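S.K.: Provided herewith: my_file.pdb, PDB, C-alpha atoms and all ligand atoms.
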```pdb
ATOM      1  CA  MET A   1     -23.915  -9.529  -5.409  1.00  0.00           C
ATOM      2  CA  LYS A   2     -23.763 -10.192  -1.646  1.00  0.00           C
ATOM      3  CA  ILE A   3     -20.434 -11.625  -0.615  1.00  0.00           C
ATOM      4  CA  PRO A   4     -19.449 -13.133   2.756  1.00  0.00           C
ATOM      5  CA  ASP A   5     -17.546 -11.316   5.528  1.00  0.00           C
ATOM      6  CA  ILE A   6     -14.129 -12.029   4.133  1.00  0.00           C
ATOM      7  CA  ILE A   7     -10.751 -10.298   4.042  1.00  0.00           C
ATOM      8  CA  ILE A   8      -9.504  -9.398   0.570  1.00  0.00           C
ATOM      9  CA  ALA A   9      -5.721  -8.951   0.418  1.00  0.00           C
ATOM     10  CA  ILE A  10      -4.244  -7.072  -2.539  1.00  0.00           C
ATOM     11  CA  ASP A  11      -0.474  -7.016  -2.924  1.00  0.00           C
ATOM     12  CA  GLY A  12       1.885  -6.020  -5.680  1.00  0.00           C
ATOM     13  CA  TYR A  13       4.607  -3.728  -6.951  1.00  0.00           C
ATOM     14  CA  SER A  14       4.526   0.056  -6.609  1.00  0.00           C
ATOM     15  CA  SER A  15       2.006   1.938  -8.747  1.00  0.00           C
ATOM     16  CA  THR A  16       0.232  -1.104 -10.141  1.00  0.00           C
ATOM     17  CA  GLY A  17      -3.065   0.585  -9.297  1.00  0.00           C
ATOM     18  CA  LYS A  18      -3.690  -1.445  -6.129  1.00  0.00           C
ATOM     19  CA  SER A  19      -5.355   1.321  -4.161  1.00  0.00           C
ATOM     20  CA  THR A  20      -7.687   2.452  -6.961  1.00  0.00           C
ATOM     21  CA  PHE A  21      -8.685  -1.158  -7.562  1.00  0.00           C
ATOM     22  CA  ALA A  22      -9.113  -1.873  -3.840  1.00  0.00           C
ATOM     23  CA  LYS A  23     -11.269   1.241  -3.367  1.00  0.00           C
ATOM     24  CA  LYS A  24     -13.522   0.193  -6.259  1.00  0.00           C
ATOM     25  CA  ILE A  25     -13.970  -3.284  -4.810  1.00  0.00           C
ATOM     26  CA  ALA A  26     -14.733  -1.800  -1.387  1.00  0.00           C
ATOM     27  CA  ARG A  27     -17.365   0.526  -2.814  1.00  0.00           C
ATOM     28  CA  LYS A  28     -18.905  -2.194  -4.947  1.00  0.00           C
ATOM     29  CA  PHE A  29     -19.270  -4.724  -2.114  1.00  0.00           C
ATOM     30  CA  GLY A  30     -19.690  -2.385   0.853  1.00  0.00           C
ATOM     31  CA  PHE A  31     -16.322  -3.297   2.387  1.00  0.00           C
ATOM     32  CA  LEU A  32     -13.952  -1.063   4.330  1.00  0.00           C
ATOM     33  CA  TYR A  33     -10.834  -0.110   2.379  1.00  0.00           C
ATOM     34  CA  LEU A  34      -7.521   0.100   4.220  1.00  0.00           C
ATOM     35  CA  ASP A  35      -4.286   1.354   2.715  1.00  0.00           C
ATOM     36  CA  SER A  36      -1.407  -0.258   4.630  1.00  0.00           C
ATOM     37  CA  GLY A  37       1.191   1.722   2.652  1.00  0.00           C
ATOM     38  CA  ALA A  38      -0.262   4.943   4.066  1.00  0.00           C
ATOM     39  CA  LEU A  39       0.870   3.862   7.544  1.00  0.00           C
ATOM     40  CA  TYR A  40       4.444   3.259   6.321  1.00  0.00           C
ATOM     41  CA  ARG A  41       4.304   6.652   4.650  1.00  0.00           C
ATOM     42  CA  GLY A  42       2.981   8.225   7.877  1.00  0.00           C
ATOM     43  CA  VAL A  43       5.865   6.726   9.865  1.00  0.00           C
ATOM     44  CA  THR A  44       8.281   8.058   7.225  1.00  0.00           C
ATOM     45  CA  LEU A  45       6.875  11.591   7.464  1.00  0.00           C
ATOM     46  CA  PHE A  46       7.112  11.363  11.244  1.00  0.00           C
ATOM     47  CA  ALA A  47      10.767  10.208  11.061  1.00  0.00           C
ATOM     48  CA  GLN A  48      11.555  13.082   8.698  1.00  0.00           C
ATOM     49  CA  GLU A  49       9.871  15.688  10.871  1.00  0.00           C
ATOM     50  CA  GLU A  50      11.588  14.358  13.999  1.00  0.00           C
ATOM     51  CA  ARG A  51      14.897  14.252  12.108  1.00  0.00           C
ATOM     52  CA  LEU A  52      15.265  10.535  12.754  1.00  0.00           C
ATOM     53  CA  ILE A  53      16.212   9.650   9.189  1.00  0.00           C
ATOM     54  CA  SER A  54      19.184  11.080   7.322  1.00  0.00           C
ATOM     55  CA  ARG A  55      19.144  12.342   3.751  1.00  0.00           C
ATOM     56  CA  LEU A  56      20.733   9.066   2.663  1.00  0.00           C
ATOM     57  CA  GLY A  57      18.043   7.032   4.404  1.00  0.00           C
ATOM     58  CA  THR A  58      19.906   5.962   7.546  1.00  0.00           C
ATOM     59  CA  VAL A  59      17.379   5.418  10.302  1.00  0.00           C
ATOM     60  CA  ASN A  60      18.225   6.626  13.820  1.00  0.00           C
ATOM     61  CA  PRO A  61      17.484   3.785  16.302  1.00  0.00           C
ATOM     62  CA  GLU A  62      15.750   6.390  18.509  1.00  0.00           C
ATOM     63  CA  LEU A  63      12.793   5.969  16.153  1.00  0.00           C
ATOM     64  CA  LYS A  64      11.859   2.801  18.002  1.00  0.00           C
ATOM     65  CA  HIS A  65      11.087   4.692  21.224  1.00  0.00           C
ATOM     66  CA  ALA A  66       9.671   7.692  19.426  1.00  0.00           C
ATOM     67  CA  LEU A  67       7.009   5.482  17.807  1.00  0.00           C
ATOM     68  CA  ALA A  68       5.392   5.079  21.231  1.00  0.00           C
ATOM     69  CA  GLY A  69       4.315   8.722  20.933  1.00  0.00           C
ATOM     70  CA  LEU A  70       3.009   8.484  17.360  1.00  0.00           C
ATOM     71  CA  SER A  71      -0.701   8.252  16.666  1.00  0.00           C
ATOM     72  CA  LEU A  72      -1.812   7.514  13.099  1.00  0.00           C
ATOM     73  CA  SER A  73      -5.441   6.941  12.189  1.00  0.00           C
ATOM     74  CA  PHE A  74      -7.752   6.953   9.199  1.00  0.00           C
ATOM     75  CA  GLY A  75     -10.565   9.509   9.145  1.00  0.00           C
ATOM     76  CA  GLU A  76     -14.094   8.716   7.962  1.00  0.00           C
ATOM     77  CA  ASP A  77     -12.978  10.028   4.563  1.00  0.00           C
ATOM     78  CA  GLY A  78     -10.206   7.379   4.432  1.00  0.00           C
ATOM     79  CA  ARG A  79      -7.488  10.019   4.751  1.00  0.00           C
ATOM     80  CA  LEU A  80      -4.559   9.561   7.106  1.00  0.00           C
ATOM     81  CA  TYR A  81      -4.232  11.655  10.282  1.00  0.00           C
ATOM     82  CA  MET A  82      -1.261  12.177  12.573  1.00  0.00           C
ATOM     83  CA  GLY A  83      -2.981  13.022  15.839  1.00  0.00           C
ATOM     84  CA  PRO A  84      -5.510  15.705  14.770  1.00  0.00           C
ATOM     85  CA  ARG A  85      -3.569  16.715  11.630  1.00  0.00           C
ATOM     86  CA  CYS A  86      -4.563  15.420   8.196  1.00  0.00           C
ATOM     87  CA  ILE A  87      -1.315  14.341   6.486  1.00  0.00           C
ATOM     88  CA  GLU A  88      -2.787  12.768   3.348  1.00  0.00           C
ATOM     89  CA  LEU A  89      -1.116  15.244   0.979  1.00  0.00           C
ATOM     90  CA  GLN A  90       2.297  15.220   2.675  1.00  0.00           C
ATOM     91  CA  ILE A  91       2.597  11.425   2.647  1.00  0.00           C
ATOM     92  CA  ARG A  92       2.130  11.258  -1.153  1.00  0.00           C
ATOM     93  CA  THR A  93       5.059  13.536  -2.094  1.00  0.00           C
ATOM     94  CA  MET A  94       8.244  12.336  -3.824  1.00  0.00           C
ATOM     95  CA  GLU A  95      10.134  13.298  -0.666  1.00  0.00           C
ATOM     96  CA  VAL A  96       8.261  10.692   1.364  1.00  0.00           C
ATOM     97  CA  SER A  97       8.240   8.146  -1.514  1.00  0.00           C
ATOM     98  CA  ALA A  98      12.033   8.426  -1.693  1.00  0.00           C
ATOM     99  CA  GLN A  99      12.483   7.309   1.937  1.00  0.00           C
ATOM    100  CA  VAL A 100       9.555   5.034   2.659  1.00  0.00           C
ATOM    101  CA  SER A 101      11.173   1.754   1.575  1.00  0.00           C
ATOM    102  CA  PRO A 102      14.169   1.959   3.951  1.00  0.00           C
ATOM    103  CA  ILE A 103      11.740   2.816   6.777  1.00  0.00           C
ATOM    104  CA  ALA A 104       9.446  -0.090   5.822  1.00  0.00           C
ATOM    105  CA  ALA A 105      12.413  -2.476   5.937  1.00  0.00           C
ATOM    106  CA  VAL A 106      12.987  -1.824   9.669  1.00  0.00           C
ATOM    107  CA  PRO A 107      11.579  -4.801  11.640  1.00  0.00           C
ATOM    108  CA  TYR A 108      10.254  -2.741  14.609  1.00  0.00           C
ATOM    109  CA  VAL A 109       8.494  -0.371  12.199  1.00  0.00           C
ATOM    110  CA  ARG A 110       6.814  -3.372  10.546  1.00  0.00           C
ATOM    111  CA  ALA A 111       5.781  -4.724  13.965  1.00  0.00           C
ATOM    112  CA  TRP A 112       4.294  -1.315  14.885  1.00  0.00           C
ATOM    113  CA  VAL A 113       2.312  -1.119  11.626  1.00  0.00           C
ATOM    114  CA  ASP A 114       1.226  -4.804  11.785  1.00  0.00           C
ATOM    115  CA  GLU A 115      -0.268  -4.292  15.221  1.00  0.00           C
ATOM    116  CA  ARG A 116      -2.516  -1.557  13.832  1.00  0.00           C
ATOM    117  CA  LEU A 117      -3.417  -3.547  10.725  1.00  0.00           C
ATOM    118  CA  HIS A 118      -4.423  -6.572  12.811  1.00  0.00           C
ATOM    119  CA  ASP A 119      -6.753  -4.373  14.859  1.00  0.00           C
ATOM    120  CA  PHE A 120      -8.573  -3.349  11.672  1.00  0.00           C
ATOM    121  CA  GLY A 121      -8.726  -6.960  10.502  1.00  0.00           C
ATOM    122  CA  ARG A 122     -10.778  -8.127  13.475  1.00  0.00           C
ATOM    123  CA  GLN A 123     -13.962  -6.834  11.903  1.00  0.00           C
ATOM    124  CA  GLY A 124     -13.802  -8.686   8.546  1.00  0.00           C
ATOM    125  CA  ARG A 125     -15.359  -7.233   5.372  1.00  0.00           C
ATOM    126  CA  ILE A 126     -12.181  -5.360   4.543  1.00  0.00           C
ATOM    127  CA  VAL A 127     -10.041  -4.857   1.470  1.00  0.00           C
ATOM    128  CA  MET A 128      -6.443  -4.103   2.381  1.00  0.00           C
ATOM    129  CA  ASP A 129      -3.668  -3.347  -0.060  1.00  0.00           C
ATOM    130  CA  GLY A 130       0.100  -3.444   0.438  1.00  0.00           C
ATOM    131  CA  ARG A 131       3.121  -5.663  -0.103  1.00  0.00           C
ATOM    132  CA  ASP A 132       2.796  -8.437   2.493  1.00  0.00           C
ATOM    133  CA  ILE A 133      -0.901  -8.574   3.313  1.00  0.00           C
ATOM    134  CA  GLY A 134      -1.538 -12.022   1.809  1.00  0.00           C
ATOM    135  CA  THR A 135       1.800 -13.475   2.895  1.00  0.00           C
ATOM    136  CA  SER A 136       2.315 -12.057   6.362  1.00  0.00           C
ATOM    137  CA  VAL A 137      -0.361  -9.713   7.772  1.00  0.00           C
ATOM    138  CA  PHE A 138      -3.423 -11.842   6.891  1.00  0.00           C
ATOM    139  CA  PRO A 139      -2.141 -15.164   5.526  1.00  0.00           C
ATOM    140  CA  GLN A 140      -5.643 -16.508   6.255  1.00  0.00           C
ATOM    141  CA  ALA A 141      -7.310 -13.954   3.925  1.00  0.00           C
ATOM    142  CA  GLU A 142     -10.021 -15.689   1.920  1.00  0.00           C
ATOM    143  CA  LEU A 143      -9.172 -13.897  -1.317  1.00  0.00           C
ATOM    144  CA  LYS A 144      -5.673 -12.835  -2.353  1.00  0.00           C
ATOM    145  CA  ILE A 145      -4.806 -10.862  -5.440  1.00  0.00           C
ATOM    146  CA  PHE A 146      -1.306 -10.064  -6.664  1.00  0.00           C
ATOM    147  CA  MET A 147      -1.134  -7.115  -9.054  1.00  0.00           C
ATOM    148  CA  THR A 148       1.458  -6.432 -11.714  1.00  0.00           C
ATOM    149  CA  ALA A 149       1.766  -4.056 -14.680  1.00  0.00           C
ATOM    150  CA  SER A 150       4.583  -3.108 -17.032  1.00  0.00           C
ATOM    151  CA  GLU A 151       7.175  -0.649 -15.732  1.00  0.00           C
ATOM    152  CA  GLN A 152       6.262   1.858 -18.422  1.00  0.00           C
ATOM    153  CA  VAL A 153       2.576   1.839 -17.506  1.00  0.00           C
ATOM    154  CA  ARG A 154       3.343   2.089 -13.805  1.00  0.00           C
ATOM    155  CA  ALA A 155       5.756   4.979 -14.201  1.00  0.00           C
ATOM    156  CA  GLN A 156       3.306   6.896 -16.372  1.00  0.00           C
ATOM    157  CA  ARG A 157       0.505   6.390 -13.820  1.00  0.00           C
ATOM    158  CA  ARG A 158       2.676   7.615 -10.966  1.00  0.00           C
ATOM    159  CA  TYR A 159       3.894  10.560 -13.025  1.00  0.00           C
ATOM    160  CA  ASP A 160       0.326  11.599 -13.897  1.00  0.00           C
ATOM    161  CA  GLU A 161      -0.711  11.261 -10.257  1.00  0.00           C
ATOM    162  CA  LEU A 162       2.101  13.541  -9.056  1.00  0.00           C
ATOM    163  CA  LYS A 163       1.392  16.060 -11.826  1.00  0.00           C
ATOM    164  CA  ALA A 164      -2.271  16.137 -10.882  1.00  0.00           C
ATOM    165  CA  LYS A 165      -1.218  17.019  -7.344  1.00  0.00           C
ATOM    166  CA  GLY A 166       0.802  19.968  -8.551  1.00  0.00           C
ATOM    167  CA  GLU A 167       4.283  18.420  -8.327  1.00  0.00           C
ATOM    168  CA  GLU A 168       6.772  18.777 -11.166  1.00  0.00           C
ATOM    169  CA  PRO A 169       8.311  15.301 -11.326  1.00  0.00           C
ATOM    170  CA  LEU A 170      10.840  14.101 -13.910  1.00  0.00           C
ATOM    171  CA  LEU A 171       9.735  10.861 -15.547  1.00  0.00           C
ATOM    172  CA  GLU A 172      13.266   9.499 -15.125  1.00  0.00           C
ATOM    173  CA  GLU A 173      13.163  10.170 -11.384  1.00  0.00           C
ATOM    174  CA  VAL A 174       9.797   8.470 -11.094  1.00  0.00           C
ATOM    175  CA  VAL A 175      11.121   5.354 -12.899  1.00  0.00           C
ATOM    176  CA  GLN A 176      14.201   5.358 -10.677  1.00  0.00           C
ATOM    177  CA  ASN A 177      12.078   5.606  -7.526  1.00  0.00           C
ATOM    178  CA  LEU A 178       9.816   2.739  -8.639  1.00  0.00           C
ATOM    179  CA  ARG A 179      12.826   0.515  -9.380  1.00  0.00           C
ATOM    180  CA  GLU A 180      14.488   1.320  -6.075  1.00  0.00           C
ATOM    181  CA  ARG A 181      11.335   0.729  -4.058  1.00  0.00           C
ATOM    182  CA  ASP A 182      10.524  -2.542  -5.818  1.00  0.00           C
ATOM    183  CA  TYR A 183      14.082  -3.735  -5.244  1.00  0.00           C
ATOM    184  CA  ILE A 184      14.181  -2.835  -1.539  1.00  0.00           C
ATOM    185  CA  ASP A 185      10.598  -4.065  -0.950  1.00  0.00           C
ATOM    186  CA  SER A 186      11.286  -7.469  -2.499  1.00  0.00           C
ATOM    187  CA  HIS A 187      14.760  -7.996  -1.037  1.00  0.00           C
ATOM    188  CA  ARG A 188      14.321  -6.962   2.592  1.00  0.00           C
ATOM    189  CA  GLU A 189      14.619  -9.650   5.251  1.00  0.00           C
ATOM    190  CA  THR A 190      11.331  -9.066   7.069  1.00  0.00           C
ATOM    191  CA  SER A 191       8.221 -10.017   5.077  1.00  0.00           C
ATOM    192  CA  PRO A 192       9.483  -9.088   1.614  1.00  0.00           C
ATOM    193  CA  LEU A 193       7.119  -8.421  -1.252  1.00  0.00           C
ATOM    194  CA  ARG A 194       6.244 -11.694  -2.966  1.00  0.00           C
ATOM    195  CA  ARG A 195       3.194 -13.349  -4.442  1.00  0.00           C
ATOM    196  CA  ALA A 196       1.461 -15.696  -2.001  1.00  0.00           C
ATOM    197  CA  ASP A 197       1.160 -19.226  -3.412  1.00  0.00           C
ATOM    198  CA  ASP A 198      -2.624 -18.998  -3.292  1.00  0.00           C
ATOM    199  CA  ALA A 199      -2.888 -15.477  -4.772  1.00  0.00           C
ATOM    200  CA  PHE A 200      -4.545 -14.815  -8.140  1.00  0.00           C
ATOM    201  CA  GLU A 201      -2.365 -12.697 -10.391  1.00  0.00           C
ATOM    202  CA  LEU A 202      -3.774  -9.682 -12.210  1.00  0.00           C
ATOM    203  CA  ASP A 203      -1.676  -7.923 -14.853  1.00  0.00           C
ATOM    204  CA  ASN A 204      -3.634  -4.765 -15.548  1.00  0.00           C
ATOM    205  CA  SER A 205      -1.229  -3.091 -18.024  1.00  0.00           C
ATOM    206  CA  ASP A 206      -3.907  -3.048 -20.709  1.00  0.00           C
ATOM    207  CA  MET A 207      -7.100  -3.263 -18.676  1.00  0.00           C
ATOM    208  CA  SER A 208      -9.815  -0.726 -17.984  1.00  0.00           C
ATOM    209  CA  PHE A 209     -11.397  -0.432 -14.517  1.00  0.00           C
ATOM    210  CA  GLU A 210     -14.545  -2.075 -15.866  1.00  0.00           C
ATOM    211  CA  GLU A 211     -12.496  -5.051 -17.032  1.00  0.00           C
ATOM    212  CA  GLU A 212     -10.725  -5.265 -13.672  1.00  0.00           C
ATOM    213  CA  LEU A 213     -14.031  -5.231 -11.845  1.00  0.00           C
ATOM    214  CA  ALA A 214     -15.502  -7.889 -14.134  1.00  0.00           C
ATOM    215  CA  TRP A 215     -12.384 -10.013 -13.507  1.00  0.00           C
ATOM    216  CA  VAL A 216     -12.704  -9.842  -9.724  1.00  0.00           C
ATOM    217  CA  GLN A 217     -16.457 -10.428  -9.826  1.00  0.00           C
ATOM    218  CA  GLY A 218     -15.871 -13.569 -11.857  1.00  0.00           C
ATOM    219  CA  LEU A 219     -13.248 -14.654  -9.361  1.00  0.00           C
ATOM    220  CA  ILE A 220     -15.547 -14.138  -6.378  1.00  0.00           C
ATOM    221  CA  GLN A 221     -18.442 -15.888  -8.072  1.00  0.00           C
ATOM    222  CA  GLY A 222     -16.272 -18.877  -8.886  1.00  0.00           C
ATOM    223  CA  LYS A 223     -14.612 -19.061  -5.498  1.00  0.00           C
ATOM    224  CA  PHE A 224     -17.669 -18.543  -3.296  1.00  0.00           C
ATOM    225  CA  GLY A 225     -20.296 -20.009  -5.599  1.00  0.00           C
ATOM    226  CA  ILE A 226     -22.354 -16.814  -5.713  1.00  0.00           C
ATOM    227  CA  LEU A 227     -24.300 -15.729  -8.740  1.00  0.00           C
TER
HETATM  228  O1  LIG B 301       1.572   1.254  -1.476  1.00  0.00           O
HETATM  229  P1  LIG B 301       2.525   2.449  -1.264  1.00  0.00           P
HETATM  230  O2  LIG B 301       3.353   2.749  -2.472  1.00  0.00           O
HETATM  231  O3  LIG B 301       1.832   3.638  -0.717  1.00  0.00           O
HETATM  232  O4  LIG B 301       3.532   1.943  -0.132  1.00  0.00           O
HETATM  233  C1  LIG B 301       4.607   2.731   0.302  1.00  0.00           C
HETATM  234  C2  LIG B 301       5.758   1.862   0.747  1.00  0.00           C
HETATM  235  O5  LIG B 301       5.408   1.178   1.953  1.00  0.00           O
HETATM  236  C3  LIG B 301       6.215   0.799  -0.225  1.00  0.00           C
HETATM  237  O6  LIG B 301       7.296   1.218  -1.023  1.00  0.00           O
HETATM  238  C4  LIG B 301       6.624  -0.358   0.635  1.00  0.00           C
HETATM  239  C5  LIG B 301       5.957  -0.125   1.952  1.00  0.00           C
HETATM  240  N1  LIG B 301       4.900  -1.086   2.243  1.00  0.00           N
HETATM  241  C6  LIG B 301       5.268  -2.284   2.806  1.00  0.00           C
HETATM  242  O7  LIG B 301       6.462  -2.543   2.981  1.00  0.00           O
HETATM  243  N2  LIG B 301       4.327  -3.177   3.190  1.00  0.00           N
HETATM  244  C7  LIG B 301       3.015  -2.932   2.992  1.00  0.00           C
HETATM  245  N3  LIG B 301       2.100  -3.816   3.386  1.00  0.00           N
HETATM  246  C8  LIG B 301       2.624  -1.701   2.388  1.00  0.00           C
HETATM  247  C9  LIG B 301       3.604  -0.812   2.009  1.00  0.00           C
END
```
Using the file provided, produce a representation of the structure as C-alpha cells.
Ligand code: DC
M.R.:
Amino acid sequence: MKIPDIIIAIDGYSSTGKSTFAKKIARKFGFLYLDSGALYRGVTLFAQEERLISRLGTVNPELKHALAGLSLSFGEDGRLYMGPRCIELQIRTMEVSAQVSPIAAVPYVRAWVDERLHDFGRQGRIVMDGRDIGTSVFPQAELKIFMTASEQVRAQRRYDELKAKGEEPLLEEVVQNLRERDYIDSHRETSPLRRADDAFELDNSDMSFEEELAWVQGLIQGKFGIL
C-alpha cells in the first residue's frame, strides 16, 4: 500500500505501546520514526548529569542557558546520542523516568524540544509519537491517533521492558511512576497531554500487533481512499 507524504501523529498515556506501534507503521510504510519522548528523556539525563535538577525534581533555572550547549540527535539506528555518546540505555532507566515529567513541564524545555521536532517534520513521511504531537507540535498532521490501554496492561508492559533490560523494578513502583507521569503530563500548563478532537482513539489493551496494524491500515485506506 503506497500512502502519501503525510505526518502521522501518535499520542497517548505512558506505556500504551506508542513507540512499538509507531515503529511498525514506519517500517510497513517506509516512513521515518521519531520518538519525541526520547528528547525529553535526553534533556532529563543532561540535567541530572549537570546537577541541574534536585532529587525532589526541582529544576535549576540555569538549565535554560545550559541547553544552548546540549546537542541531541538520532543515529541511523534510531538511537539517541548526546554529542558523540549513545545514551539510549541511560534514558530508559527508572531514574530518568522518575524525573522526566517535571522536566517536560518546563516551558523553555518544551520550546527547545519543539524546535528540533519541527526541523524533522519539514520532510514529511514521518511517524512521531509523544504527548502533544497532534495537538501542539503538528496540529496539521494528516493522521492522528490517540492510544490508551488499561493501567494493569500498561504497568505490566513497562515492568517487562525494564526486566528485559536487566533492571529489578517493583511492580508497585512502576504503577506509581505511570500514575505520576500521566497526572503531571495531563495537568501541566504548557501543551498538556490530551486527545486532539480529530484523533482516532485506539485502546490496545487486548489487541495483538497484527490487529493494531490491520486497524491502522483500514483507517488509512478509508481516509485516503487507497486500496
Ligand atoms: O514517551 P516517553 O514515556 O518516553 O516520554 C517521556 C516523558 O516525556 C513523558 O512522561 C512526558 C514527556 N513527553 C512530553 O511531555 N511530550 C511529548 N511529546 C513526549 C514526551
S.K.: Of the candidates A:Gln99, A:Ser36, A:Thr16, A:Gln90, which one gets nearest to Leu52 in chain A if we count all atoms listed in the file?
M.R.: A:Gln99
S.K.: Residues up to 9 Å from ligand LIG 301 (chain B), counting all atoms listed in the file: could you list those as a PyMOL selection string?
M.R.: chain A and resi 11-15+18-19+35-41+91-92+96-105+110+113-114+128-133+136-137+178+180-182+184-186+191-193
S.K.: Between CA of Gln140 in chain A and CA of Val106 in chain A, measure the distance and give it in Å to one decimal.
M.R.: 24.0 Å
S.K.: Quick one, how far is CA of Glu49 in chain A from CA of Asn177 in chain A?
M.R.: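 That distance, rounded to one decimal, is 21.1 Å.
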S.K.: Taking all atoms listed in the file into account, name the residue in A:Met207, A:Val175, A:Ala111, A:Ile126 that is nearest to Thr190 in chain A.
M.R.: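 Of all the options, A:Ala111 lies closest to Thr190 in chain A.
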S.K.: Kindly resolve the PyMOL selection byres (((chain A and resi 148) around 8) and not hetatm) on the present coordinates and return the residues as a PyMOL selection string.
M.R.: chain A and resi 12-13+16+146-147+149-150+201-205
S.K.: Smallest atom-to-atom distance to Asp119 in chain A: which of A:Leu34, A:Arg51, A:Phe200, A:Tyr81, using all atoms listed in the file?
M.R.: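 For Asp119 in chain A, the nearest of the candidates is A:Leu34.
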S.K.: Figure out the distance between CA of Thr44 in chain A and CA of Gly57 in chain A, please, to one decimal in Å.
M.R.: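 These atoms are spaced 10.2 Å apart.
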S.K.: Closest to Asp197 in chain A among A:Pro61, A:Gly78, A:Gly134, A:Pro169, using all atoms listed in the file?
M.R.: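 Answer, going by the shortest atom-to-atom distance: A:Gly134.
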S.K.: Applied to this file, what does the PyMOL selection byres (((chain A and resi 33) around 12) and not hetatm) return in terms of residues, put as an NGL selection string?
M.R.: :A and (7-10 or 18-32 or 34-36 or 38 or 74-79 or 117 or 120-121 or 124-130)
S.K.: Report as a list of chain:residue names the residues that result from applying the PyMOL selection byres (((chain A and resi 171) around 10) and not hetatm) to the structure here.
M.R.: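 Taken over the shown coordinates, the PyMOL selection byres (((chain A and resi 171) around 10) and not hetatm) returns A:Ala155, A:Gln156, A:Arg158, A:Tyr159, A:Asp160, A:Glu168, A:Pro169, A:Leu170, A:Glu172, A:Glu173, A:Val174, A:Val175, A:Gln176, A:Asn177.
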S.K.: Once you have the residues from the selection above, write them out as a CSV table (one decimal), in the frame of the given file, restricted to C-alpha atoms.
M.R.:
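And here is the file that came out, result_17.csv:
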```
chain,number,residue,atom,x,y,z
A,155,ALA,CA,5.8,5.0,-14.2
A,156,GLN,CA,3.3,6.9,-16.4
A,158,ARG,CA,2.7,7.6,-11.0
A,159,TYR,CA,3.9,10.6,-13.0
A,160,ASP,CA,0.3,11.6,-13.9
A,168,GLU,CA,6.8,18.8,-11.2
A,169,PRO,CA,8.3,15.3,-11.3
A,170,LEU,CA,10.8,14.1,-13.9
A,172,GLU,CA,13.3,9.5,-15.1
A,173,GLU,CA,13.2,10.2,-11.4
A,174,VAL,CA,9.8,8.5,-11.1
A,175,VAL,CA,11.1,5.4,-12.9
A,176,GLN,CA,14.2,5.4,-10.7
A,177,ASN,CA,12.1,5.6,-7.5
```
